[in-house]
Every structure is written in structure tokens, then in C-alpha cells.
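The block underneath contains the structure these notes are about, expressed in C-alpha cells.
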Amino acid sequence: MPAPDLSIVVPTFKERGNVAELVRRLDVALAGIGWEAIFVDDNSPDGTAEAVKAIAAADPRVRCIRRVGRRGLAGACIEGMLSSAAPFVAVMDADLQHDERLLPAMLDRLKRGEADLVAGTRYVEGGSSASFSASRGTISRLATRLTHRLVGTELSDPMSGFFMMRRDRFDLIAPRLSPVGFKILLDIAATAGPSMRIAELPYEFGERFDGESKFNVQIGVEFLGLLLAKMTGDLVDPRFIFFALVGTIGLVVHLAALRTALFILPDDMADQFRVAQVIATFVAMTSNFLLNNELTYRDRRLKGFGMLRGFVLFCLFASVGVLANIDLASWLYVARSRWLVAGAAGAIMSALWNYAMSTLFVWRAR
Ligand code: GDD
Ligand code: MN
């Protein structure tokens with residue numbers, strides 16, 4: 001078998017019922033083209049990887065990367081694309097909402113050297129997203145408008161997960177891409193910058209063939225993180241933005257818990273405020289830990305005993321952070337006597353410290 005011209009990367013999570021149909025349709029649509037399909041499955045509990053491997057056992061054009069202990073659409077796409085040796089790589093969903101008949105035209109554009117990336121779009125003449133529910137359609141259009149405002153991209157459908165590009169261009173920018181979230185195309189376009197020539201082809205976003213969408217609120221929040229990161233020119237890691245967001249929520253939680261504790265504890269109690277403050281600190285640390293586990297480090301989420309261990313570590317590091325914060329702030333206050341500057345510097349320093357320790361030790365990459 002000659003080496004393929006085109007790798008089609010298909011991220012999957014719980015798509016067992018779709019993979020055979022997708023391969024069948026690719027076979028029809030890509031007749032005469034040397035292609036391979038790389039399924040990147042995040043250890044789906046429904047046996048998607050097994051289904052792909054059963055096909056792969058009989059069809060050498062199909063292979064499966066099974067990732068364990070990780071979750072995320074963008075990260076899966078990046079790993080699949082990185083594993084390609086073909087000159088051109090495409091990304092498409094497994095659920096058949098993306099029109100595979102567009103692939104030959106995309107490839108043609110790239111081969112003729114007219115573009116470095118060809119994106120499928122639902123938002124120009126000839127495209128449509130009619131199969132979206134009303135609410136999902138609104139979210140998608142809102143996100144599109146926000147993106148155009150904030151990051152400035154020529155893509156008419158930056159939310160699309162359907163595109164093809166030159167592999168050499170991808171390899172160049174891959175180290176700078178974020179594995180978080182759903183928006184791989186936007187990240188690629190924004191990271192590559194104006195030097196990447198982009199073309200668009202309209203398509204009709206179809207109905208899901210089998211199974212259900214993995215889109216949820218968290219993915220929406222992650223998307224905001226990606227926008228912010230791109231706005232700051234990648235100065236700020238989206239993960240840190242979430243960490244800071246969780247910390248801000250933690251402050252509100254702390255104050256609410258403090259108020260409640262003061263209300264419940266008897267007024268004549270010795271050390272009433274001190275006890276209330278300790279309770280509030282503990283409640284806020286717990287809420288911060290849980291939110292970070294669900295949001296900031298979702299791709300490395302701790303479970304069971306690991307969660308307990310992580311929580312203890314998190315509290316230890318946070319306590320050191322608080323002490324250092326007070327020290328730095330007091331020192332600055334004595335030296336410059338500007339309460340706002342001193343207080344903010346202390347808070348920022350402890351946030352950075354907590355973030356570094358959390359990333360290195362609590363939710364360390366496996
Ligand atoms: N490996 C892996 N890991 N794959 C995932 C994950 C994950 O955590 N989450 C979702 N996928 C896969 C799905 O199995 C599917 O093949 C594809 O990514 C798209 O997921 P859907 O759950 O079908 O997304 P959607 O249809 O709601 O969203 C579509 O429209 C968006 C535009 O609004 C997708 O095309 C998105 O890419 C697109 O941004
Ligand atoms: Mn879908």
C-alpha cells in the first residue's frame with residue numbers, strides 16, 4: 001500500500017455506533033485518493049476504540065490512538081495530527097455531521113497551492129447549520145460574533161471543527177496550541193497568524209447519525225478562556241485564567257461562609273471571629289479545590305483516593321501561599337505604605353504560587 005496523501009483525524013468519545021458508517025462513507029467519497037483515517041479515542045466506555053480496531057484489523061487505512069487518563073477534543077485532534085506523516089491532514093467529527101463529500105475539494109485546493117488551510121463553513125452562501133437546535137444555534141452565532149470582535153479572524157465559521165491543512169504548517173505551530181476545549185480550528189488560525197492562507201468551502205451541517213453531543217457548559221467556559229489567551233497574545237495561559245476565575249469565586253464563597261459562620265456561632269463565644277474565619281477558609285479551599293478539579297484541571301481530574309491526596313496537598317500549598325502573601329504585602333506596605341499596591345501584589349504572588357504548585361504537584365501531568 002502506498003503512503004497516504006491525506007490523513008483524516010477523527011476525535012471520538014462514545015461514538016461506537018458511528019465509526020463503521022463513517023469509514024464506509026469515507027471510502028466512497030475518497031475513491032482515487034490515498035487516505036488514512038486516524039481515530040483518536042479518549043478511552044470511551046462504550047467500546048469505540050474496540051470498534052475502530054475491529055475495522056482496522058481488516059483495513060490498513062484505519063488506525064486508532066487510544067488515549068487513557070485524558071479528555072478533550074482539541075487535545076485529541078492535536079495528537080492525531082501529530083501522528084500523521086501524510087502531506088495533508090483533515091479533522092472531522094465522527095458523528096457524520098460534517099459532510100465528507102467536501103474532502104476531495106478541500107484537498108484539491110491545498111494541492112493546487114491556493115491555500116495552506118481549507119475550512120468548512122456553515123456561515124456563507126451554500127452552508128447551513130439548520131440541524132442545530134435553536135439554543136445551540138444561538139450559542140454558536142454568539143460565539144462567532146464574539147470571536148470576530150475579540151481575536152479578529154478571517155474565518156466566517158471559526159467554531160467549525162471541519163478543516164484540512166498542510167501538515168508542515170501544522171507541525172510548525174503544534175507546540176503552541178492549547179489542548180483544552182473544542183475550538184481547534186480557531187486556535188490554529190489565531191496561532192499561525194496572517195502568514196497562513198485560509199480558504200473556505202460551504203457545507204451543510206447535518207444531523208448526528210448516532211449517539212449524542214458532548215457539548216456542555218464547561219466547553220463554553222473553556223472557549224472564553226481560549227479567546228482571552230489569544231487576546232493577550234498567549235501571554236496568559238488559559239488554564240491560569242480559569243485558576244484565577246476559580247480563586248475569585250473562592251473569595252465570594254469565603255465571604256459568604258464567613259457571614260454564615262458569624263451568624264451561627266454564639267456571639268458570646270471567645271474567639272468567635274477567629275473560628276469563623278478558619279471555617280470560611282476551609283470552605284473556600286474546599287470549593288476552590290473542587291472547582292479546579294472540575295474546570296481548570298478537568299483533563300487531569302482527580303478521583304477517589306487521588307482526590308483526597310490532592311486535596312491535602314492543595315490545602316498545604318495554599319496555606320504556604322497565604323503566609324507568603326501576608327509577608328510580602330506587609331513588607332511592601334511598610335516600605336511604600338500604599339495599601340492597594342501592597343495588597344494586590346501579595347494576592348497576585350500567592351495566586352501564582354498556588355497555580356504553580358497545583359500544576360506541578362496536585363494535578364501534575366501524567
Ligand atoms: N477524543 C475526544 N475527546 N473526542 C471528543 C471529545 C473528547 O473529550 N469530546 C467530543 N469529542 C468528539 C466527538 O466524539 C465527535 O466526534 C466530535 O468530537 C464532535 O463532538 P460533538 O459532541 O458531536 O460536538 P457538537 O456536534 O456538539 O459540536 C460540533 O459543532 C461545533 C460547532 O458549534 C463540533 O463540530 C465542534 O467541533 C464544533 O466546534
Ligand atoms: Mn456533533
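Following the order of the C-alpha cells, chains are lettered A, B, ..., residues in each are numbered from 1, and ligands are numbered from 1.
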*asked:* Please identify all protein, DNA and RNA residues within 6 Å of ligand 1, counting only C-alpha atoms and all ligand atoms, and report them as a list in words.
replied: Pro11, Thr12, Phe13, Lys14, Glu15, Val40, Asp41, Asp42, Arg71, Gly72, Leu73, Ala76, Asp93, Ala94, Asp95, Ser140, Met159, Ser160, Gly161, Phe182, Lys183, Ser213, Lys214 and Phe215 of chain A
Quick one: everything within 7 Å of region 120-123 of chain A, counting only C-alpha atoms, minus sequence neighbours fewer than 5 positions away in the same chain. Send it as a PDB file with all heavy atoms, in the first residue's frame.
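Saved to around.pdb:
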ATOM      1  N   SER A 128     -24.988  25.718   5.888  1.00  0.00           N
ATOM      2  CA  SER A 128     -26.124  25.849   6.788  1.00  0.00           C
ATOM      3  C   SER A 128     -25.881  25.097   8.088  1.00  0.00           C
ATOM      4  O   SER A 128     -25.131  24.126   8.145  1.00  0.00           O
ATOM      5  CB  SER A 128     -27.392  25.344   6.106  1.00  0.00           C
ATOM      6  OG  SER A 128     -27.968  24.284   6.825  1.00  0.00           O
ATOM      7  N   SER A 129     -26.530  25.590   9.131  1.00  0.00           N
ATOM      8  CA  SER A 129     -26.434  24.904  10.415  1.00  0.00           C
ATOM      9  C   SER A 129     -27.848  24.626  10.900  1.00  0.00           C
ATOM     10  O   SER A 129     -28.142  24.694  12.079  1.00  0.00           O
ATOM     11  CB  SER A 129     -25.669  25.754  11.416  1.00  0.00           C
ATOM     12  OG  SER A 129     -26.323  26.989  11.608  1.00  0.00           O
ATOM     13  N   SER A 156     -15.129  32.688   8.579  1.00  0.00           N
ATOM     14  CA  SER A 156     -16.541  33.031   8.763  1.00  0.00           C
ATOM     15  C   SER A 156     -17.177  32.089   9.780  1.00  0.00           C
ATOM     16  O   SER A 156     -18.195  32.396  10.374  1.00  0.00           O
ATOM     17  CB  SER A 156     -17.286  32.950   7.435  1.00  0.00           C
ATOM     18  OG  SER A 156     -17.305  31.607   6.977  1.00  0.00           O
ATOM     19  N   ASP A 157     -16.572  30.922   9.990  1.00  0.00           N
ATOM     20  CA  ASP A 157     -17.112  29.947  10.930  1.00  0.00           C
ATOM     21  C   ASP A 157     -15.982  29.407  11.808  1.00  0.00           C
ATOM     22  O   ASP A 157     -15.582  28.251  11.705  1.00  0.00           O
ATOM     23  CB  ASP A 157     -17.760  28.801  10.140  1.00  0.00           C
ATOM     24  CG  ASP A 157     -18.521  27.832  11.025  1.00  0.00           C
ATOM     25  OD1 ASP A 157     -18.559  28.038  12.262  1.00  0.00           O
ATOM     26  OD2 ASP A 157     -19.072  26.858  10.482  1.00  0.00           O
ATOM     27  N   SER A 160     -16.019  26.030  13.588  1.00  0.00           N
ATOM     28  CA  SER A 160     -16.117  24.773  12.845  1.00  0.00           C
ATOM     29  C   SER A 160     -15.035  23.796  13.283  1.00  0.00           C
ATOM     30  O   SER A 160     -13.906  24.163  13.559  1.00  0.00           O
ATOM     31  CB  SER A 160     -15.987  25.060  11.348  1.00  0.00           C
ATOM     32  OG  SER A 160     -15.839  23.849  10.634  1.00  0.00           O
ATOM     33  N   PHE A 162     -14.251  21.285  11.258  1.00  0.00           N
ATOM     34  CA  PHE A 162     -14.098  20.566   9.999  1.00  0.00           C
ATOM     35  C   PHE A 162     -13.149  21.355   9.093  1.00  0.00           C
ATOM     36  O   PHE A 162     -13.506  22.438   8.624  1.00  0.00           O
ATOM     37  CB  PHE A 162     -15.477  20.439   9.343  1.00  0.00           C
ATOM     38  CG  PHE A 162     -15.516  19.592   8.109  1.00  0.00           C
ATOM     39  CD1 PHE A 162     -14.611  18.567   7.898  1.00  0.00           C
ATOM     40  CD2 PHE A 162     -16.504  19.817   7.151  1.00  0.00           C
ATOM     41  CE1 PHE A 162     -14.663  17.782   6.755  1.00  0.00           C
ATOM     42  CE2 PHE A 162     -16.571  19.032   6.008  1.00  0.00           C
ATOM     43  CZ  PHE A 162     -15.639  18.017   5.815  1.00  0.00           C
ATOM     44  N   PHE A 163     -11.944  20.840   8.893  1.00  0.00           N
ATOM     45  CA  PHE A 163     -10.976  21.553   8.064  1.00  0.00           C
ATOM     46  C   PHE A 163      -9.871  20.614   7.603  1.00  0.00           C
ATOM     47  O   PHE A 163      -9.753  19.481   8.088  1.00  0.00           O
ATOM     48  CB  PHE A 163     -10.371  22.734   8.842  1.00  0.00           C
ATOM     49  CG  PHE A 163      -9.610  22.318  10.079  1.00  0.00           C
ATOM     50  CD1 PHE A 163      -8.230  22.102  10.038  1.00  0.00           C
ATOM     51  CD2 PHE A 163     -10.270  22.129  11.286  1.00  0.00           C
ATOM     52  CE1 PHE A 163      -7.533  21.708  11.170  1.00  0.00           C
ATOM     53  CE2 PHE A 163      -9.574  21.732  12.419  1.00  0.00           C
ATOM     54  CZ  PHE A 163      -8.206  21.524  12.363  1.00  0.00           C
ATOM     55  N   GLU A 200     -12.162  28.908   2.304  1.00  0.00           N
ATOM     56  CA  GLU A 200     -13.344  28.326   2.935  1.00  0.00           C
ATOM     57  C   GLU A 200     -14.236  27.663   1.903  1.00  0.00           C
ATOM     58  O   GLU A 200     -14.337  28.121   0.765  1.00  0.00           O
ATOM     59  CB  GLU A 200     -14.146  29.411   3.657  1.00  0.00           C
ATOM     60  CG  GLU A 200     -13.404  30.026   4.827  1.00  0.00           C
ATOM     61  CD  GLU A 200     -14.295  30.904   5.694  1.00  0.00           C
ATOM     62  OE1 GLU A 200     -15.079  31.705   5.132  1.00  0.00           O
ATOM     63  OE2 GLU A 200     -14.213  30.773   6.917  1.00  0.00           O
ATOM     64  N   LEU A 201     -14.880  26.600   2.312  1.00  0.00           N
ATOM     65  CA  LEU A 201     -15.849  25.924   1.456  1.00  0.00           C
ATOM     66  C   LEU A 201     -17.122  25.704   2.272  1.00  0.00           C
ATOM     67  O   LEU A 201     -17.059  25.204   3.390  1.00  0.00           O
ATOM     68  CB  LEU A 201     -15.303  24.569   0.975  1.00  0.00           C
ATOM     69  CG  LEU A 201     -14.170  24.594  -0.054  1.00  0.00           C
ATOM     70  CD1 LEU A 201     -13.641  23.185  -0.304  1.00  0.00           C
ATOM     71  CD2 LEU A 201     -14.653  25.216  -1.367  1.00  0.00           C
ATOM     72  N   PRO A 202     -18.272  26.084   1.714  1.00  0.00           N
ATOM     73  CA  PRO A 202     -19.515  25.923   2.480  1.00  0.00           C
ATOM     74  C   PRO A 202     -19.984  24.470   2.537  1.00  0.00           C
ATOM     75  O   PRO A 202     -19.727  23.694   1.623  1.00  0.00           O
ATOM     76  CB  PRO A 202     -20.525  26.771   1.693  1.00  0.00           C
ATOM     77  CG  PRO A 202     -19.978  26.814   0.305  1.00  0.00           C
ATOM     78  CD  PRO A 202     -18.490  26.729   0.413  1.00  0.00           C
ATOM     79  N   TYR A 203     -20.622  24.111   3.624  1.00  0.00           N
ATOM     80  CA  TYR A 203     -21.237  22.780   3.712  1.00  0.00           C
ATOM     81  C   TYR A 203     -22.440  22.856   4.634  1.00  0.00           C
ATOM     82  O   TYR A 203     -22.584  23.803   5.416  1.00  0.00           O
ATOM     83  CB  TYR A 203     -20.246  21.736   4.222  1.00  0.00           C
ATOM     84  CG  TYR A 203     -19.998  21.796   5.706  1.00  0.00           C
ATOM     85  CD1 TYR A 203     -20.615  20.909   6.574  1.00  0.00           C
ATOM     86  CD2 TYR A 203     -19.154  22.761   6.249  1.00  0.00           C
ATOM     87  CE1 TYR A 203     -20.409  20.972   7.946  1.00  0.00           C
ATOM     88  CE2 TYR A 203     -18.933  22.825   7.610  1.00  0.00           C
ATOM     89  CZ  TYR A 203     -19.570  21.928   8.452  1.00  0.00           C
ATOM     90  OH  TYR A 203     -19.349  22.006   9.804  1.00  0.00           O
ATOM     91  N   GLU A 204     -23.292  21.870   4.528  1.00  0.00           N
ATOM     92  CA  GLU A 204     -24.462  21.812   5.393  1.00  0.00           C
ATOM     93  C   GLU A 204     -24.175  20.924   6.583  1.00  0.00           C
ATOM     94  O   GLU A 204     -23.870  19.752   6.424  1.00  0.00           O
ATOM     95  CB  GLU A 204     -25.662  21.270   4.625  1.00  0.00           C
ATOM     96  CG  GLU A 204     -26.476  22.363   3.982  1.00  0.00           C
ATOM     97  CD  GLU A 204     -27.688  21.805   3.248  1.00  0.00           C
ATOM     98  OE1 GLU A 204     -28.405  20.977   3.843  1.00  0.00           O
ATOM     99  OE2 GLU A 204     -27.875  22.199   2.081  1.00  0.00           O
ATOM    100  N   PHE A 205     -24.258  21.513   7.750  1.00  0.00           N
ATOM    101  CA  PHE A 205     -24.033  20.776   8.998  1.00  0.00           C
ATOM    102  C   PHE A 205     -25.219  19.829   9.175  1.00  0.00           C
ATOM    103  O   PHE A 205     -26.356  20.264   9.295  1.00  0.00           O
ATOM    104  CB  PHE A 205     -23.968  21.800  10.133  1.00  0.00           C
ATOM    105  CG  PHE A 205     -23.452  21.270  11.444  1.00  0.00           C
ATOM    106  CD1 PHE A 205     -22.182  20.725  11.542  1.00  0.00           C
ATOM    107  CD2 PHE A 205     -24.236  21.348  12.587  1.00  0.00           C
ATOM    108  CE1 PHE A 205     -21.696  20.270  12.774  1.00  0.00           C
ATOM    109  CE2 PHE A 205     -23.757  20.911  13.822  1.00  0.00           C
ATOM    110  CZ  PHE A 205     -22.492  20.362  13.901  1.00  0.00           C
TER     111      PHE A 205
END
*Can you list, as a PyMOL selection string, every residue of region 87-309 of chain A that DSSP puts in strand (DSSP E or B)?*
chain A and resi 88-91+117-121+128+163-166+198-202+204
*asked:* I'd like to know which residues of region 258-330 of chain A are alpha helix (DSSP H) (by DSSP, run on the backbone); could you write them as a ChimeraX atom specification?
replied: /A:258-264,272-291,304-330
*Just the residues within 12 Å of Arg149 (chain A), please, counting only C-alpha atoms, with nothing from its chain fewer than 4 positions along; format it as JSON, numbers by chain.*
{"A": [142, 143, 144, 145, 153, 154, 227, 228, 231]}
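Excluding Ile38 (chain A) itself and same-chain residues fewer than 6 positions from it, the residues having an atom within 6 Å of it are Ile8, Val9, Arg63 and Cys64 of chain A, counting only C-alpha atoms.
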*Go through A:Thr191, A:Thr138, A:Ser131, A:Gln277 and flag the residue nearest ligand 2, using only C-alpha atoms and all ligand atoms for the distances.*
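When distances to ligand 2 are compared using only C-alpha atoms and all ligand atoms, the smallest one comes from A:Ser131.
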_Selection near Ala280 (chain A), 7 Å with only C-alpha atoms, sequence-local residues under 3 positions removed, as a PyMOL selection string_ = chain A and resi 254+257-258+276-277+283-284
*Of the listed residues A:Leu22, A:Val28, A:Ile241, A:Leu302, that which approaches Ile55 (chain A) most closely, counting only C-alpha atoms*: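 Looking only at the distances to Ile55 (chain A), the closest residue turns out to be A:Leu22.
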Neighbouring residues of Leu308 (chain A) were defined as those with any atom within 12 Å, considering only C-alpha atoms; residues of the same chain fewer than 5 positions away were excluded. Please report them as a compact mmCIF listing (two decimals) with N, CA, C and O atoms, in the first residue's frame.
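Produced file around.txt, reproduced below:
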# COMPACT_ATOMS: atom_id res chain seq x y z
N THR A 286 -11.98 24.21 50.05
CA THR A 286 -12.65 23.03 49.52
C THR A 286 -13.34 23.36 48.21
O THR A 286 -13.24 22.62 47.22
N PHE A 289 -10.81 23.83 45.50
CA PHE A 289 -10.26 22.55 45.06
C PHE A 289 -11.22 21.83 44.12
O PHE A 289 -10.84 21.36 43.05
N LEU A 290 -12.49 21.77 44.54
CA LEU A 290 -13.47 21.04 43.73
C LEU A 290 -13.67 21.70 42.37
O LEU A 290 -13.72 21.03 41.33
N ASN A 293 -10.76 21.15 40.18
CA ASN A 293 -10.74 19.75 39.72
C ASN A 293 -11.73 19.55 38.58
O ASN A 293 -11.47 18.80 37.64
N LEU A 302 -8.86 14.50 39.28
CA LEU A 302 -8.53 13.50 40.31
C LEU A 302 -9.79 12.80 40.77
O LEU A 302 -10.85 13.41 40.84
N LYS A 303 -9.64 11.53 41.08
CA LYS A 303 -10.80 10.75 41.55
C LYS A 303 -10.38 9.90 42.73
O LYS A 303 -9.21 9.58 42.90
N LEU A 313 -2.72 18.10 49.71
CA LEU A 313 -1.61 18.85 49.12
C LEU A 313 -2.04 20.28 48.79
O LEU A 313 -1.33 21.25 49.09
N PHE A 314 -3.21 20.39 48.18
CA PHE A 314 -3.73 21.70 47.77
C PHE A 314 -3.84 22.62 48.99
O PHE A 314 -3.42 23.78 48.94
N CYS A 315 -4.39 22.10 50.09
CA CYS A 315 -4.55 22.91 51.31
C CYS A 315 -3.18 23.31 51.87
O CYS A 315 -2.99 24.45 52.30
N VAL A 362 -0.19 19.01 42.42
CA VAL A 362 -1.52 18.49 42.75
C VAL A 362 -2.15 17.81 41.54
O VAL A 362 -2.55 16.66 41.58
*CA of Glu294 (chain A) to CA of Trp363 (chain A): how many Å, to one decimal?*
11.4 Å
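Remark: for Asp108 (chain A), the closest of the candidate residues A:Leu6, A:Ala85, A:Leu177, A:Val52 is A:Leu6 (distances computed over only C-alpha atoms).
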*asked:* Quick check, in Å to one decimal: how far apart do CA of Asn354 (chain A) and CA of Asp234 (chain A) lie?
replied: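 So the two atoms, CA of Asn354 (chain A) and CA of Asp234 (chain A), lie 20.4 Å apart.
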*Calculate how many Å separate CA of Thr260 (chain A) from CA of Ser358 (chain A), rounding to one decimal.*
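Straight-line distance from CA of Thr260 (chain A) to CA of Ser358 (chain A) works out to 28.6 Å.
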